[in-house]
$ cat final15.txt   # compact mmCIF, C-alpha atoms
# COMPACT_ATOMS: atom_id res chain seq x y z
CA MET T 1 -6.47 8.15 -14.00
CA ARG T 2 -3.62 6.40 -12.24
CA VAL T 3 -5.05 4.08 -9.64
CA PRO T 4 -3.26 4.71 -6.35
CA GLY T 5 -3.15 2.74 -3.17
CA ARG T 6 0.41 2.76 -1.91
CA ALA T 7 -0.49 4.20 1.44
CA PRO T 8 -3.03 1.44 2.16
CA ILE T 9 -0.30 -1.09 1.44
CA ALA T 10 1.94 0.40 4.11
CA ALA T 11 -0.81 0.60 6.67
CA VAL T 12 -2.38 -2.80 6.31
CA SER T 13 0.98 -4.51 5.89
CA LEU T 14 1.46 -3.90 9.61
CA ALA T 15 -0.39 -7.17 9.98
CA ALA T 16 2.59 -9.02 8.61
CA MET T 17 4.77 -7.35 11.22
CA GLY T 18 2.79 -8.96 14.02
CA GLY T 19 2.02 -5.48 15.27
CA THR T 20 -1.38 -6.31 16.67
CA SER T 21 -2.75 -8.44 19.41
CA ALA T 22 -6.15 -10.08 19.47
CA ARG T 23 -9.11 -7.94 18.49
CA GLY T 24 -7.08 -5.43 16.56
CA ARG T 25 -5.24 -3.93 19.51
CA LEU T 26 -1.68 -2.95 18.67
CA THR T 27 0.82 -4.60 20.97
CA SER T 28 3.32 -1.81 20.40
CA ALA T 29 2.41 1.62 19.11
CA SER T 30 6.13 2.31 18.84
CA LEU T 31 6.49 -0.64 16.45
CA VAL T 32 3.68 0.70 14.28
CA GLU T 33 5.22 4.17 14.25
CA ARG T 34 8.62 2.75 13.39
CA ALA T 35 7.16 0.66 10.55
CA LEU T 36 5.37 3.67 9.08
CA ARG T 37 8.47 5.84 9.33
CA ARG T 38 10.59 3.17 7.62
CA ALA T 39 8.00 2.83 4.85
CA CYS T 40 7.86 6.58 4.31
CA ALA T 41 11.64 6.89 4.34
CA ARG T 42 11.97 4.18 1.72
CA VAL T 43 9.45 5.86 -0.58
CA VAL T 44 11.14 9.23 -0.17
CA ALA T 45 14.51 7.68 -0.99
CA CYS T 46 13.28 6.05 -4.23
CA HIS T 47 11.13 8.90 -5.53
CA ALA T 48 13.67 9.89 -8.22
CA GLN T 49 13.71 6.35 -9.65
CA LEU T 50 9.91 6.25 -9.61
CA ASN T 51 9.84 9.56 -11.48
CA HIS T 52 12.30 8.15 -14.03
CA TRP T 53 10.09 5.16 -14.78
CA ASP T 54 7.04 7.40 -14.90
CA ARG T 55 8.69 9.74 -17.40
CA LEU T 56 9.05 6.74 -19.71
CA VAL T 57 5.44 5.56 -19.42
CA GLY T 58 3.41 8.32 -17.77
CA ASP T 59 3.36 11.88 -16.51
CA GLY T 60 6.72 11.69 -14.80
CA ASP T 61 5.47 12.62 -11.34
CA CYS T 62 4.69 9.30 -9.64
CA GLY T 63 7.68 9.68 -7.34
CA ASP T 64 6.76 13.25 -6.46
CA THR T 65 3.20 12.20 -5.66
CA LEU T 66 4.34 9.37 -3.42
CA ASN T 67 6.91 11.63 -1.80
CA ALA T 68 4.16 14.09 -0.95
CA GLY T 69 2.07 11.32 0.58
CA ALA T 70 4.97 9.95 2.60
CA SER T 71 5.86 13.44 3.81
CA ALA T 72 2.26 13.99 4.90
CA VAL T 73 2.29 10.78 6.93
CA LEU T 74 5.60 11.72 8.55
CA ALA T 75 4.24 15.14 9.44
CA ALA T 76 1.17 13.54 11.00
CA LEU T 77 3.35 11.24 13.08
CA ASP T 78 5.56 14.13 14.16
CA GLY T 79 2.47 16.04 15.27
CA LEU T 80 1.06 13.34 17.55
CA ALA T 81 0.80 14.50 21.13
CA GLU T 82 0.05 10.97 22.35
CA PRO T 83 1.32 8.39 19.83
CA ASP T 84 0.35 5.44 22.02
CA ALA T 85 -3.28 6.54 21.98
CA ALA T 86 -3.39 7.51 18.31
CA LEU T 87 -1.88 4.18 17.23
CA SER T 88 -3.50 2.00 19.86
CA ASP T 89 -5.64 -0.06 17.50
CA ALA T 90 -5.81 -0.92 13.81
CA ALA T 91 -8.75 1.30 12.93
CA SER T 92 -7.29 4.36 14.67
CA ALA T 93 -3.95 3.92 12.94
CA LEU T 94 -5.63 3.54 9.55
CA ARG T 95 -7.78 6.62 10.07
CA LEU T 96 -4.75 8.70 11.03
CA ILE T 97 -2.96 7.71 7.83
CA ALA T 98 -6.11 8.33 5.79
CA ARG T 99 -6.38 11.88 7.09
CA ALA T 100 -2.73 12.54 6.30
CA ILE T 101 -2.87 11.12 2.79
CA GLU T 102 -6.03 13.04 1.97
CA ARG T 103 -4.00 16.24 2.26
CA MET T 104 -2.01 15.10 -0.75
CA GLY T 105 -4.95 16.28 -2.84
CA GLY T 106 -6.13 15.34 -6.32
CA SER T 107 -7.60 12.02 -7.39
CA SER T 108 -4.74 10.12 -5.79
CA GLY T 109 -5.36 11.63 -2.37
CA ALA T 110 -9.07 10.94 -2.70
CA LEU T 111 -8.61 7.29 -3.62
CA TYR T 112 -5.99 6.76 -0.93
CA HIS T 113 -8.50 8.12 1.55
CA ILE T 114 -11.23 5.84 0.23
CA GLY T 115 -9.03 2.76 0.47
CA LEU T 116 -7.81 3.52 3.96
CA THR T 117 -11.28 4.39 5.23
CA ALA T 118 -12.59 1.09 3.88
CA ALA T 119 -9.70 -0.71 5.57
CA ALA T 120 -10.46 0.99 8.88
CA SER T 121 -14.13 0.00 8.67
CA ALA T 122 -13.17 -3.59 7.95
CA ALA T 123 -10.80 -3.60 10.92
CA VAL T 124 -13.59 -2.44 13.21
CA ALA T 125 -16.05 -5.00 11.85
CA ARG T 126 -13.72 -7.98 12.20
CA ALA T 127 -11.72 -7.08 15.30
CA ALA T 128 -14.12 -8.63 17.81
CA ASP T 129 -14.14 -12.08 16.25
CA GLU T 130 -10.86 -12.68 14.46
CA SER T 131 -7.14 -12.99 15.11
CA GLU T 132 -4.96 -9.98 14.44
CA ALA T 133 -3.57 -11.39 11.19
CA VAL T 134 -7.04 -12.07 9.81
CA VAL T 135 -8.21 -8.58 10.83
CA TRP T 136 -5.40 -6.93 8.90
CA ALA T 137 -5.81 -9.27 5.93
CA GLU T 138 -9.48 -8.31 5.76
CA ALA T 139 -8.52 -4.65 6.03
CA LEU T 140 -6.17 -4.97 3.05
CA ARG T 141 -8.82 -6.79 1.04
CA ALA T 142 -11.33 -4.04 1.81
CA ALA T 143 -8.85 -1.37 0.71
CA VAL T 144 -8.22 -3.20 -2.56
CA ASP T 145 -11.94 -3.65 -3.24
CA ALA T 146 -12.66 0.03 -2.59
CA ILE T 147 -9.81 1.21 -4.82
CA MET T 148 -10.99 -1.06 -7.65
CA GLU T 149 -14.59 0.07 -7.25
CA PHE T 150 -13.87 3.79 -7.30
CA GLY T 151 -10.76 3.77 -9.51
CA GLY T 152 -12.05 1.37 -12.14
CA ALA T 153 -8.85 -0.65 -12.67
CA ARG T 154 -8.35 -4.37 -12.16
CA PRO T 155 -5.34 -6.68 -11.85
CA GLY T 156 -3.67 -6.96 -15.24
CA PHE T 157 -4.33 -3.31 -16.13
CA ARG T 158 -0.71 -2.44 -15.30
CA THR T 159 -1.30 -0.43 -12.14
CA MET T 160 -0.36 -0.68 -8.48
CA LEU T 161 -3.12 -3.29 -8.15
CA ASP T 162 -0.81 -5.76 -9.84
CA ALA T 163 1.34 -5.58 -6.71
CA ILE T 164 -1.19 -5.18 -3.93
CA VAL T 165 -3.74 -7.76 -5.06
CA PRO T 166 -1.18 -10.61 -4.97
CA ALA T 167 0.05 -9.28 -1.64
CA SER T 168 -3.49 -9.30 -0.29
CA GLU T 169 -4.08 -12.86 -1.46
CA ALA T 170 -0.77 -14.04 0.00
CA LEU T 171 -1.49 -12.37 3.34
CA HIS T 172 -4.96 -13.91 3.48
CA GLU T 173 -3.59 -17.38 2.83
CA ALA T 174 -0.81 -16.98 5.37
CA ALA T 175 -3.20 -15.68 8.02
CA ALA T 176 -5.66 -18.49 7.37
CA HIS T 177 -2.90 -21.02 8.04
CA ASN T 178 -1.72 -19.25 11.20
CA ALA T 179 1.67 -18.41 9.71
CA SER T 180 4.14 -16.52 11.86
CA ALA T 181 4.50 -12.75 11.61
CA ALA T 182 7.77 -13.12 9.71
CA GLU T 183 6.23 -15.60 7.29
CA CYS T 184 3.22 -13.35 6.69
CA ALA T 185 5.58 -10.50 5.85
CA ARG T 186 7.74 -12.60 3.57
CA ARG T 187 4.83 -14.02 1.60
CA ALA T 188 3.11 -10.67 1.13
CA ILE T 189 6.27 -8.85 0.05
CA ASP T 190 7.37 -11.67 -2.26
CA ALA T 191 3.96 -11.68 -3.93
CA ALA T 192 4.01 -7.91 -4.37
CA GLU T 193 7.50 -8.03 -5.88
CA ARG T 194 6.51 -10.72 -8.37
CA GLY T 195 3.38 -8.79 -9.33
CA ALA T 196 5.27 -5.55 -9.86
CA GLU T 197 7.94 -7.29 -11.91
CA ALA T 198 5.24 -8.81 -14.12
CA THR T 199 4.03 -5.34 -15.15
CA LYS T 200 7.12 -5.03 -17.36
CA ALA T 201 5.40 -7.31 -19.86
CA MET T 202 1.88 -5.89 -19.49
CA ARG T 203 0.01 -3.51 -21.74
CA ALA T 204 -1.62 -0.69 -19.80
CA HIS T 205 -5.40 -0.40 -19.73
CA ALA T 206 -5.67 2.48 -17.27
CA GLY T 207 -4.02 5.78 -16.54
CA ARG T 208 -1.68 7.90 -18.64
CA THR T 209 0.33 4.83 -19.65
CA ALA T 210 -2.63 3.53 -21.67
CA TYR T 211 -1.86 6.29 -24.20
CA VAL T 212 1.83 5.38 -24.48
CA PRO T 213 2.79 3.07 -27.39
CA GLU T 214 2.92 -0.52 -26.23
CA ALA T 215 6.50 -0.91 -27.45
CA ASN T 216 7.58 1.89 -25.11
CA GLN T 217 5.94 0.18 -22.14
CA LYS T 218 7.77 -3.12 -22.48
CA GLY T 219 10.59 -3.65 -20.04
CA VAL T 220 9.54 -0.73 -17.83
CA PRO T 221 7.78 -1.63 -14.57
CA ASP T 222 4.66 0.23 -13.56
CA PRO T 223 5.82 3.01 -11.21
CA GLY T 224 2.74 2.70 -9.03
CA ALA T 225 3.26 -1.02 -8.56
CA MET T 226 6.92 -0.45 -7.72
CA GLY T 227 5.91 2.24 -5.25
CA ALA T 228 3.58 -0.21 -3.54
CA VAL T 229 6.46 -2.64 -3.18
CA GLU T 230 8.64 0.04 -1.60
CA TRP T 231 5.99 0.80 1.04
CA MET T 232 5.88 -2.88 1.92
CA ARG T 233 9.63 -3.34 1.99
CA GLY T 234 9.89 -0.43 4.39
CA VAL T 235 7.33 -1.93 6.74
CA GLY T 236 9.19 -5.24 6.56
CA GLU T 237 12.39 -3.54 7.73
CA ALA T 238 10.88 -2.30 11.01
$ encode --input "final15.txt" --output "structure tokens"
Amino acid sequence: MRVPGRAPIAAVSLAAMGGTSARGRLTSASLVERALRRACARVVACHAQLNHWDRLVGDGDCGDTLNAGASAVLAALDGLAEPDAALSDAASALRLIARAIERMGGSSGALYHIGLTAAASAAVARAADESEAVVWAEALRAAVDAIMEFGGARPGFRTMLDAIVPASEALHEAAAHNASAAECARRAIDAAERGAEATKAMRAHAGRTAYVPEANQKGVPDPGAMGAVEWMRGVGEA
């Protein structure tokens, strides 16, 4: 099973954009919507490259799967009658994305939903007592933990976790030191990029790639990790 989680990366990376005020309230629903649309557009644009990498080390449909998820999120955003209300706080935004991604179907859709739901619960639990950056950092950590618990993979297994776990750690550290929104974004994206790049030298221990000869894996990045990076880069462009 390929361990997903690219949608949670896009959602919880809104922390790095400075898109929330104290107690998890979003200072600008339009900023959140713009960040999500940029993230989705970036994933849609790179889906052919993701498919290419996945044909070398997997089933060849990673890009198509991510494209379906991004399209579902865009459709959900297009269908909002009152965007300001639907994206007014962290938990509401996360739940909206979770519902959209669940329509993607299959194990990926299920795990996306699990990760996002866990993130939303964490946002609710921490919103009353923490700064916005810490709330979103905790949401990302909760998403990662849920995906690992239900998907079974860990960092080093050559999955998307090799991008999002470093991003989560970098965001936590930046938030703990009261880094600026721009610095939070830079650290999280840089960490994700380094993690994804490192998968070129990893041997897979999960998913379809685990059945591919190790020699064929070398030099090819994990498509899921690269997809996670694209979500984050898109959010960073908003």
$ atom_distance --input "final15.txt" --atom1 "atom CA of T:Val235" --atom2 "atom CA of T:Arg208"
28.7 Å
$ residues_around --input "final15.txt" --residues "stretch 144-146 of chain T" --least-positions-apart "3" --cutoff "8 Å" --atoms "all atoms listed in the file" --output "ChimeraX atom specification"
/T:5,114-115,118,140-141,149-150,161,164-165
$ residues_around --input "final15.txt" --residues "T:Gln217" --least-positions-apart "4" --cutoff "12 Å" --atoms "all atoms listed in the file" --output "list in words"
Trp53, Asp54, Arg55, Leu56, Val57, Gly58, Arg158, Thr199, Lys200, Ala201, Met202, Arg203, Ala204, His205, Arg208, Thr209, Ala210, Tyr211, Val212, Pro213, Pro221, Asp222 and Pro223 of chain T
$ atom_distance --input "final15.txt" --atom1 "atom CA of T:Leu66" --atom2 "atom CA of T:Ala196"
16.3 Å
$ atom_distance --input "final15.txt" --atom1 "atom CA of T:Glu214" --atom2 "atom CA of T:Asp61"
20.0 Å
$ closest_residue --input "final15.txt" --among "T:Leu116, T:Ala176, T:Val134, T:Met160" --to "T:Glu230" --atoms "only C-alpha atoms"
T:Met160
$ closest_residue --input "final15.txt" --among "T:Ala48, T:Ala133, T:Leu31, T:Val220" --to "T:His177" --atoms "only C-alpha atoms"
T:Ala133
$ closest_residue --input "final15.txt" --among "T:Ala153, T:Ala181, T:Val135, T:Met232" --to "T:Leu36" --atoms "all atoms listed in the file"
T:Met232
$ build_atoms --input "final15.txt" --residues "stretch 73-91 of chain T" --atoms "N, CA and C atoms" --output "short mmCIF file (atom, residue, chain, number, x, y, z; two decimals), in the frame of the given file"
data_model
loop_
_atom_site.label_atom_id
_atom_site.label_comp_id
_atom_site.auth_asym_id
_atom_site.auth_seq_id
_atom_site.Cartn_x
_atom_site.Cartn_y
_atom_site.Cartn_z
N VAL T 73 2.39 11.75 5.85
CA VAL T 73 2.29 10.78 6.93
C VAL T 73 3.33 11.07 8.00
N LEU T 74 4.55 11.39 7.59
CA LEU T 74 5.60 11.72 8.55
C LEU T 74 5.22 12.95 9.38
N ALA T 75 4.65 13.94 8.73
CA ALA T 75 4.24 15.14 9.44
C ALA T 75 3.15 14.82 10.46
N ALA T 76 2.23 13.94 10.08
CA ALA T 76 1.17 13.54 11.00
C ALA T 76 1.75 12.82 12.21
N LEU T 77 2.71 11.95 11.97
CA LEU T 77 3.35 11.24 13.08
C LEU T 77 4.11 12.20 13.99
N ASP T 78 4.80 13.15 13.38
CA ASP T 78 5.56 14.13 14.16
C ASP T 78 4.63 14.99 15.03
N GLY T 79 3.40 15.17 14.56
CA GLY T 79 2.47 16.04 15.27
C GLY T 79 1.64 15.35 16.35
N LEU T 80 1.85 14.06 16.55
CA LEU T 80 1.06 13.34 17.55
C LEU T 80 1.48 13.72 18.96
N ALA T 81 0.52 14.18 19.73
CA ALA T 81 0.80 14.50 21.13
C ALA T 81 0.88 13.23 21.97
N GLU T 82 0.07 12.23 21.62
CA GLU T 82 0.05 10.97 22.35
C GLU T 82 0.05 9.81 21.35
N PRO T 83 1.23 9.45 20.83
CA PRO T 83 1.32 8.39 19.83
C PRO T 83 0.70 7.07 20.28
N ASP T 84 0.88 6.72 21.54
CA ASP T 84 0.35 5.44 22.02
C ASP T 84 -1.16 5.37 21.88
N ALA T 85 -1.83 6.51 22.11
CA ALA T 85 -3.28 6.54 21.98
C ALA T 85 -3.70 6.55 20.53
N ALA T 86 -3.02 7.35 19.72
CA ALA T 86 -3.39 7.51 18.31
C ALA T 86 -3.16 6.23 17.52
N LEU T 87 -2.21 5.41 17.95
CA LEU T 87 -1.88 4.18 17.23
C LEU T 87 -2.22 2.95 18.05
N SER T 88 -3.20 3.07 18.92
CA SER T 88 -3.50 2.00 19.86
C SER T 88 -4.26 0.83 19.26
N ASP T 89 -4.93 1.03 18.14
CA ASP T 89 -5.64 -0.06 17.50
C ASP T 89 -5.60 0.14 15.99
N ALA T 90 -5.93 -0.92 15.27
CA ALA T 90 -5.81 -0.92 13.81
C ALA T 90 -6.62 0.19 13.16
N ALA T 91 -7.88 0.32 13.56
CA ALA T 91 -8.75 1.30 12.93
C ALA T 91 -8.25 2.73 13.16
#
